[in-house]
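*Asks:* I'd like to ask some things about the structure below.
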Amino acid sequence: MRSQSEDPFPPPPPTVPRNVKPVIIEQEHVKKKLLSKVPMARRGLGTTGNKLSLLTNHFKVNAANTDGFFFQYNVAIFYEDGCPVEASGAGRKILDKVKKTYDSELRGKDFAYDGEKTLFTMGSLAQNKLEFTVVLEDVTSSRNNGNCSPEGIRSSNDIDSKRIRRPFRSKSYKVEINYASKIPLQAIDRAFKGQETENYQEALRVLDTILRQHAAKQGCLLVRQSFFHNDPRSFKNVGGGVLGCRGLHSSFRTTQSGLCLNIDVSTTMIVQPGPVVDFLIANQNVKDPFNLDWIKAKRTLKNLRITTMPSNQEFKITGLSERPCKDQLFTLKKRGAAPGEDDSEEITIYEYFVNRRKIPLKYSARLPCINVGKPKRPTYFPIELCSLVSLQRYTKALSAHQRASLVEQSRQNPLERMKVLSDALQTSNYGSEPMLRTCGITIKPHLTQVDGRVLQAPRLTFGNGEYFNPKDGRWNFNNKKIAQPVTIANWAVVDFSNYRDVRGLVRDLIKCGRMKGIHIEPPCHEFEENRQFSRAPPMVRVEKMFQEMQSKMKDPPKFILCLLPQKNCDLYGPWKKKNLAEEGIITQCIVPSKVNDQYLTNVLLKINAKLDGINSFLGIEHARSMPIVSREPTLILGMDVSHGSPGQSEIPSIAAVVSSRQWPLISKYRACVRTQGSKVEMIDNLFKPMPNNEDAGIIRELLVDFYNSSGQRKPANIIIFRDGVSESQFNQVLNVELGQIIEACKFLDEDWNPKFLLIVAQKRHHTKFFQPENRNNVPPGTVVDNKICHPRNYDFYMCSHAGRIGTTRPTHYHVLLDEIGFSPDELQEFVHSLSYVYQRSTTAVSVVAPICYAHLAASQVAQFMKFEDMSETSSRREGDSNASLVPQLPKLDRRVCNSMFFV
């Protein structure tokens with residue numbers, strides 16, 4: 001060990017100085033060595049399992065012309081005064097005008113424009129640099145909003161009519177198109193053969209841009225590679241003024257069988273179109289506009305687009321007036337004023353619209369006005385004359401009720417989804433897209449057939465040595481005992497819910513535990529919250545409860561059962577933080593109103609796992625007969641990063657890594673959780689050398705725990721499951737994150753060379769599998785590694801769980817590195833087995849348990865801290881003007897840090 005006596009790893013040779021310099025040298029050496037790593041090639045196809053013919057939502061694409069080139073050009077658009085055009089949406093209208101006006105100068109070529117700064121053509125344009133001037137009469141942009149409105153009312157101190165511009169007056173634009181690069185179509189053809197070139201991703205980007213442009217021409221809302229029509233039949237009300245809008249995802253993919261178009265149903269959230277007031281009432285769940293919270297409304301409305309009556313012009317909301325409509329003054333210029341006479345008068349917005357414009361206002365007098373101008377040059381409209389434009393994304397976090405409603409209304413069984421996707425390809429009419437015709441691309445209208453295999457579920461071991469073969473990915477504990485039960489003694493009950501029958505609940509819990517093999521002694525104490533604190537802030541309520549507990553208990557309990565009034569209660573985070581970080585007590589929270597026999601069984605599974613028990617083993621795990629894993633000490637890691645809700649850009653991300661312990665078990669884990677920069681996906685604390693020649697990183701902590709819990713054995717194999725990264729980040733995972741893990745190993749023991757298996761698991765993709773003419777989902781254990789998988793890289797799809805409702809989403813596993821030497825069948829069986837060791841469930845889970853645990857750990861520890869004021873309190877790292885100082889999470893108490901507190 002380096003310096004601390006409790007470290008189990010040997011020190012470096014005496015010739016190596018004990019300072020950080022050799023570590024830096026080693027670190028740089030490892031980095032250079034790893035920079036060349038790329039995802040490994042496929043080793044072959046699996047053969048085990050019962051064969052099953054399936055259909056998938058990949059549509060075969062034929063490319064008649066793969067000898068030409070796409071030419072990429074940079075696009076810059078300016079106003080006539082030379083200022084760049086930055087308004088979203090204006091670019092497509094301007095480029096369409098360029099195409100119509102200068103078709104001959106463009107050599108009659110069609111182009112694919114991404115709506116911002118890039119366009120592509122098939123073959124080159126006449127010159128490498130082209131400049132055009134066009135005139136448009138119907139472009140509304142942010143350049144107008146602060147300057148005018150024939151219907152809106154300016155504030156006082158702004159009466160210079162010469163400065164007023166009408167938003168629909170003719171405007172001139174200068175467009176510059178400059179050659180950037182050319183992309184061979186042959187790159188796609190080579191990708192089919194597993195010969196990835198640097199151009200193949202760019203070629204696919206061109207094809208995806210063509211699809212986006214095609215959707216834009218139809219007036220769709222574009223969200224990355226999904227598009228949404230303005231069709232009320234596709235809107236689903238999820239409450240709070242929010243609609244779920246159903247659309248389609250479409251993207252080109254290279255596969256073993258060639259080029260495919262992947263089409264899937266997609267959903268995004270939009271604000272409820274129509275009167276602004278109706279949206280706000282629904283969003284805040286109030287009876288009428290006079291009960292609205294206008295501070296909250298201002299935040300909600302900012303940057304949304306509206307149309308105004310009676311002109312039906314469109315503007316972007318910039319804010320609200322400080323005064324109600326009846327009191328908000330503006331300066332109106334008098335008509336026909338005599339020379340030398342004051343030609344202005346002050347009038348309220350309400351009086352202007354009602355008396356001068358003769359537009360009746362029913363309720364706006366007491367409400368703020370909508371501002372569509374700039375903060376210092378506002379332009380106001382009475383709120384009841386404003387309506388929200390359709391297809392505007394709602395990017396804030398959904399409530400639990402909204403999420404549940406969305407899931408309920410979005411469900412489609414496999415047959416329904418198949419029909420929707422087949423119809424979508426026909427209605428999309430991609431055959432009419434000029435650029436696709438120019439490329440010679442045609443799309444077959446039929447779903448692709450693939451060969452699936454159904455792996456047999458692993459045998460499970462319960463208490464008393466009982467074995468069970470799960471059916472349909474499920475099992476239960478009826479008449480079964482827990483494999484490794486714990487004894488629950490010296491525990492307490494804390495009631496924040498004012499539950500009427502706590503003793504009855506405890507009696508039922510003890511009885512249920514006895515049936516499952518868990519001995520539960522009566523609780524030492526039952527604490528009910530003093531009602532005088534029930535309206536206090538959550539932290540105060542938690543502290544008061546602990547003060548009462550400490551006054552009545554000589555020693556702290558080993559376990560606390562906490563009764564909360566509802567799920568997602570605001571007490572949850574402070575309670576967990578107090579117990580896990582400060583007191584070192586395992587706790588289980590429940591909502592007593594939901595209690596029944598099945599609920600109590602599920603609660604006991606969690607409690608048993610948290611207190612170091614095991615609910616069920618894999619049979620081969622218990623018998624130590626797992627291929628490779630049981631033969632040599634093997635560490636399994638699950639890695640995930642949890643980000644803040646949409647719209648919360650200042651909230652730190654939470655990185656969690658869980659690791660297996662007590663080898664040869666693969667059912668026990670512990671977690672290490674750290675904060676890092678907001679929206680940063682790469683985990684940056686895996687290896688963290690300190691000035692005192694110590695490593696304060698995540699991996700060192702987990703390696704030491706594995707060593708201590710596994711009979712003083714260092715892992716010969718390290719298996720890493722990484723969640724949440726896209727294909728564009730694979731090289732970073734392989735070179736940066738894996739590099740840090742290797743550095744952490746070398747730091748502990750320079751002669752230690754474990755073998756690595758690195759797998760990325762993706763759930764956010766759009767591949768689905770269907771059984772022909774069958775409304776049921778594919779059976780659990782279904783695996784596909786042919787036809788639609790990558791032409792070179794090592795990947796496969798697996799549906800390990802039973803999809804009861806809707807259409808099953810398989811997990812897409814990418815094997816980036818395998819130094820251990822699993823065969824395809826061994827690896828797929830191993831991954832499948834890891835879906836059956838999730839201790840808080842009696843079903844196979846959709847992704848391996850270590851990743852599920854990492855997600856749970858990140859989510860739970862994120863509750864420890866409140867980050868709402870981060871933007872005001874964060875400071876800058878020294879020497880880095882862009883990085884905020886990220887607050888650190890409190891460390892877990894040593895008595896609970898090795899537990900499965902997160903289940």
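To be explicit about the labels: the chains of the structure tokens are called A, B, and onward in the order shown, and within each one the residues are counted from 1, while ligands get numbers from 1 in the order they are shown.
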Could you give me, as an NGL selection string, the residues within 7 Å of Pro523 of chain A, counting only C-alpha atoms and dropping anything in the same chain fewer than 5 positions from it?
*Replies:* :A and (490-493)
*Asks:* Could the residues in this selection be written to a file with N, CA and C atoms, as a tab-separated table (two decimals), in the first residue's frame?
*Replies:*
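Okay, out_19.tsv is ready:
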chain	number	residue	atom	x	y	z
A	490	ASN	N	-33.15	-4.48	17.49
A	490	ASN	CA	-32.76	-3.11	17.84
A	490	ASN	C	-33.15	-2.14	16.73
A	491	TRP	N	-34.44	-2.10	16.44
A	491	TRP	CA	-34.93	-1.22	15.39
A	491	TRP	C	-36.07	-0.37	15.89
A	492	ALA	N	-36.40	0.67	15.16
A	492	ALA	CA	-37.43	1.61	15.60
A	492	ALA	C	-38.35	1.95	14.43
A	493	VAL	N	-39.52	2.46	14.78
A	493	VAL	CA	-40.48	2.94	13.79
A	493	VAL	C	-40.66	4.44	13.99
*Asks:* Output as a count of residues only all residues of segment 267-405 of chain A that backbone DSSP marks as strand (DSSP E).
*Replies:* 42
*Asks:* Need to verify the contact set: segment 442-453 of chain A, 6 Å, only C-alpha atoms, exclusion of same-chain residues closer than 6 positions in sequence. Can you return it as a PyMOL selection string?
*Replies:* chain A and resi 49-62+782-784
*Asks:* Export N, CA and C atoms of the chosen residues as a CSV table (one decimal), in the first residue's frame?
*Replies:*
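In the end it all went to part-v7.csv:
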chain,number,residue,atom,x,y,z
A,49,GLY,N,-30.1,-21.2,-27.4
A,49,GLY,CA,-31.4,-20.7,-27.3
A,49,GLY,C,-32.4,-21.2,-28.4
A,50,ASN,N,-33.6,-21.1,-28.2
A,50,ASN,CA,-34.6,-21.5,-29.1
A,50,ASN,C,-34.8,-20.4,-30.2
A,51,LYS,N,-34.7,-20.8,-31.5
A,51,LYS,CA,-34.8,-19.9,-32.5
A,51,LYS,C,-36.2,-19.3,-32.7
A,52,LEU,N,-36.3,-18.0,-33.1
A,52,LEU,CA,-37.5,-17.3,-33.2
A,52,LEU,C,-37.5,-16.3,-34.3
A,53,SER,N,-38.4,-16.4,-35.2
A,53,SER,CA,-38.4,-15.4,-36.3
A,53,SER,C,-39.1,-14.1,-35.9
A,54,LEU,N,-38.5,-13.0,-36.1
A,54,LEU,CA,-39.0,-11.7,-35.7
A,54,LEU,C,-39.0,-10.7,-36.8
A,55,LEU,N,-39.8,-9.6,-36.6
A,55,LEU,CA,-39.7,-8.5,-37.5
A,55,LEU,C,-39.2,-7.3,-36.6
A,56,THR,N,-38.5,-6.4,-37.3
A,56,THR,CA,-38.0,-5.2,-36.6
A,56,THR,C,-38.3,-3.9,-37.4
A,57,ASN,N,-38.4,-2.8,-36.8
A,57,ASN,CA,-38.8,-1.5,-37.4
A,57,ASN,C,-37.6,-0.9,-38.1
A,58,HIS,N,-36.8,-1.7,-38.8
A,58,HIS,CA,-35.8,-1.2,-39.7
A,58,HIS,C,-36.2,-1.5,-41.2
A,59,PHE,N,-36.2,-0.5,-42.0
A,59,PHE,CA,-36.7,-0.6,-43.4
A,59,PHE,C,-35.5,-0.6,-44.3
A,60,LYS,N,-35.4,-1.6,-45.2
A,60,LYS,CA,-34.2,-1.8,-46.0
A,60,LYS,C,-34.1,-0.6,-47.0
A,61,VAL,N,-32.9,-0.1,-47.2
A,61,VAL,CA,-32.6,1.1,-48.1
A,61,VAL,C,-31.7,0.6,-49.2
A,62,ASN,N,-32.1,0.9,-50.4
A,62,ASN,CA,-31.2,0.6,-51.6
A,62,ASN,C,-30.6,1.9,-52.1
A,782,THR,N,-35.1,-13.0,-25.1
A,782,THR,CA,-34.9,-12.8,-26.6
A,782,THR,C,-33.6,-12.0,-26.9
A,783,VAL,N,-32.8,-12.6,-27.7
A,783,VAL,CA,-31.5,-11.9,-28.1
A,783,VAL,C,-31.4,-11.9,-29.6
A,784,VAL,N,-30.9,-10.8,-30.2
A,784,VAL,CA,-30.7,-10.6,-31.6
A,784,VAL,C,-29.3,-10.1,-31.9
*Asks:* Applying 9 Å and only C-alpha atoms, which residues near Pro574 of chain A remain after dropping the ones on its own chain fewer than 6 positions away? List them as a PyMOL selection string.
*Replies:* chain A and resi 538-539+542+863-865
*Asks:* To one decimal place in Å, what is the distance between atom CA of Leu398 of chain A and atom CA of Val847 of chain A?
*Replies:*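 If I compute the distance from atom CA of Leu398 of chain A to atom CA of Val847 of chain A, I get 24.0 Å.
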*Asks:* Under the rule that only C-alpha atoms are counted, which of A:Gln328, A:Thr133, A:Thr395, A:Thr438 is the nearest residue to Ala64 of chain A?
*Replies:* A:Thr438
*Asks:* I'd like the neighbourhood of Leu637 of chain A as a list of chain:residue names, where a residue qualifies if any of its atoms comes within 8 Å (using only C-alpha atoms), though same-chain residues fewer than 4 positions away should be ignored.
*Replies:*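 Using only C-alpha atoms, the neighbours found are A:Val657, A:Val658, A:Ser659, A:Ser660, A:Ile718, A:Ile719, A:Ile720, A:Phe721, A:Pro850.
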*Asks:* Could you find all residues in segment 557-766 of chain A that DSSP calls helix (DSSP H, G or I) from the backbone, and write them as a PyMOL selection string?
*Replies:* chain A and resi 572-583+592-594+597-610+619-622+698-709+727-748
*Asks:* Pick out the closest residue to Arg474 of chain A from this set: A:Thr331, A:Ser234, A:Asn262, A:Thr842. Count only C-alpha atoms.
*Replies:*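 The answer is A:Thr842, which sits nearest to Arg474 of chain A.
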*Asks:* Fewer than 3 positions away in the same chain doesn't count, so skip those; otherwise give me all residues within 8 Å of Gly274 of chain A, counting only C-alpha atoms, as a count of residues only.
*Replies:* 6
*Asks:* Would you list the contacts of Asn178 of chain A as a PDB file with C-alpha atoms, in the first residue's frame, taking every protein, DNA or RNA residue within 12 Å and counting only C-alpha atoms, but skipping same-chain residues closer than 4 positions in sequence?
*Replies:*
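part32.pdb, freshly written:
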ATOM      1  CA  PHE A  71     -20.438  18.513 -51.027  1.00  0.00           C
ATOM      2  CA  GLN A  72     -20.713  20.358 -47.730  1.00  0.00           C
ATOM      3  CA  TYR A  73     -21.019  24.155 -47.643  1.00  0.00           C
ATOM      4  CA  ASN A  74     -21.045  26.636 -44.776  1.00  0.00           C
ATOM      5  CA  VAL A  75     -23.945  29.083 -44.792  1.00  0.00           C
ATOM      6  CA  ALA A  76     -23.901  32.596 -43.329  1.00  0.00           C
ATOM      7  CA  ILE A  77     -26.940  34.911 -43.463  1.00  0.00           C
ATOM      8  CA  LYS A 117     -25.131  26.900 -40.857  1.00  0.00           C
ATOM      9  CA  THR A 118     -24.667  23.902 -43.152  1.00  0.00           C
ATOM     10  CA  LEU A 119     -26.059  22.674 -46.432  1.00  0.00           C
ATOM     11  CA  PHE A 120     -25.211  19.685 -48.611  1.00  0.00           C
ATOM     12  CA  SER A 124     -20.499  20.594 -56.460  1.00  0.00           C
ATOM     13  CA  LEU A 125     -21.957  24.034 -56.991  1.00  0.00           C
ATOM     14  CA  ALA A 126     -20.591  26.309 -59.716  1.00  0.00           C
ATOM     15  CA  GLN A 127     -18.115  28.059 -57.423  1.00  0.00           C
ATOM     16  CA  ASN A 128     -16.541  27.472 -54.012  1.00  0.00           C
ATOM     17  CA  LYS A 129     -17.886  30.809 -52.795  1.00  0.00           C
ATOM     18  CA  LEU A 130     -21.259  32.247 -53.707  1.00  0.00           C
ATOM     19  CA  GLU A 131     -23.060  35.375 -52.510  1.00  0.00           C
ATOM     20  CA  PHE A 132     -26.744  36.108 -52.998  1.00  0.00           C
TER      21      PHE A 132
END
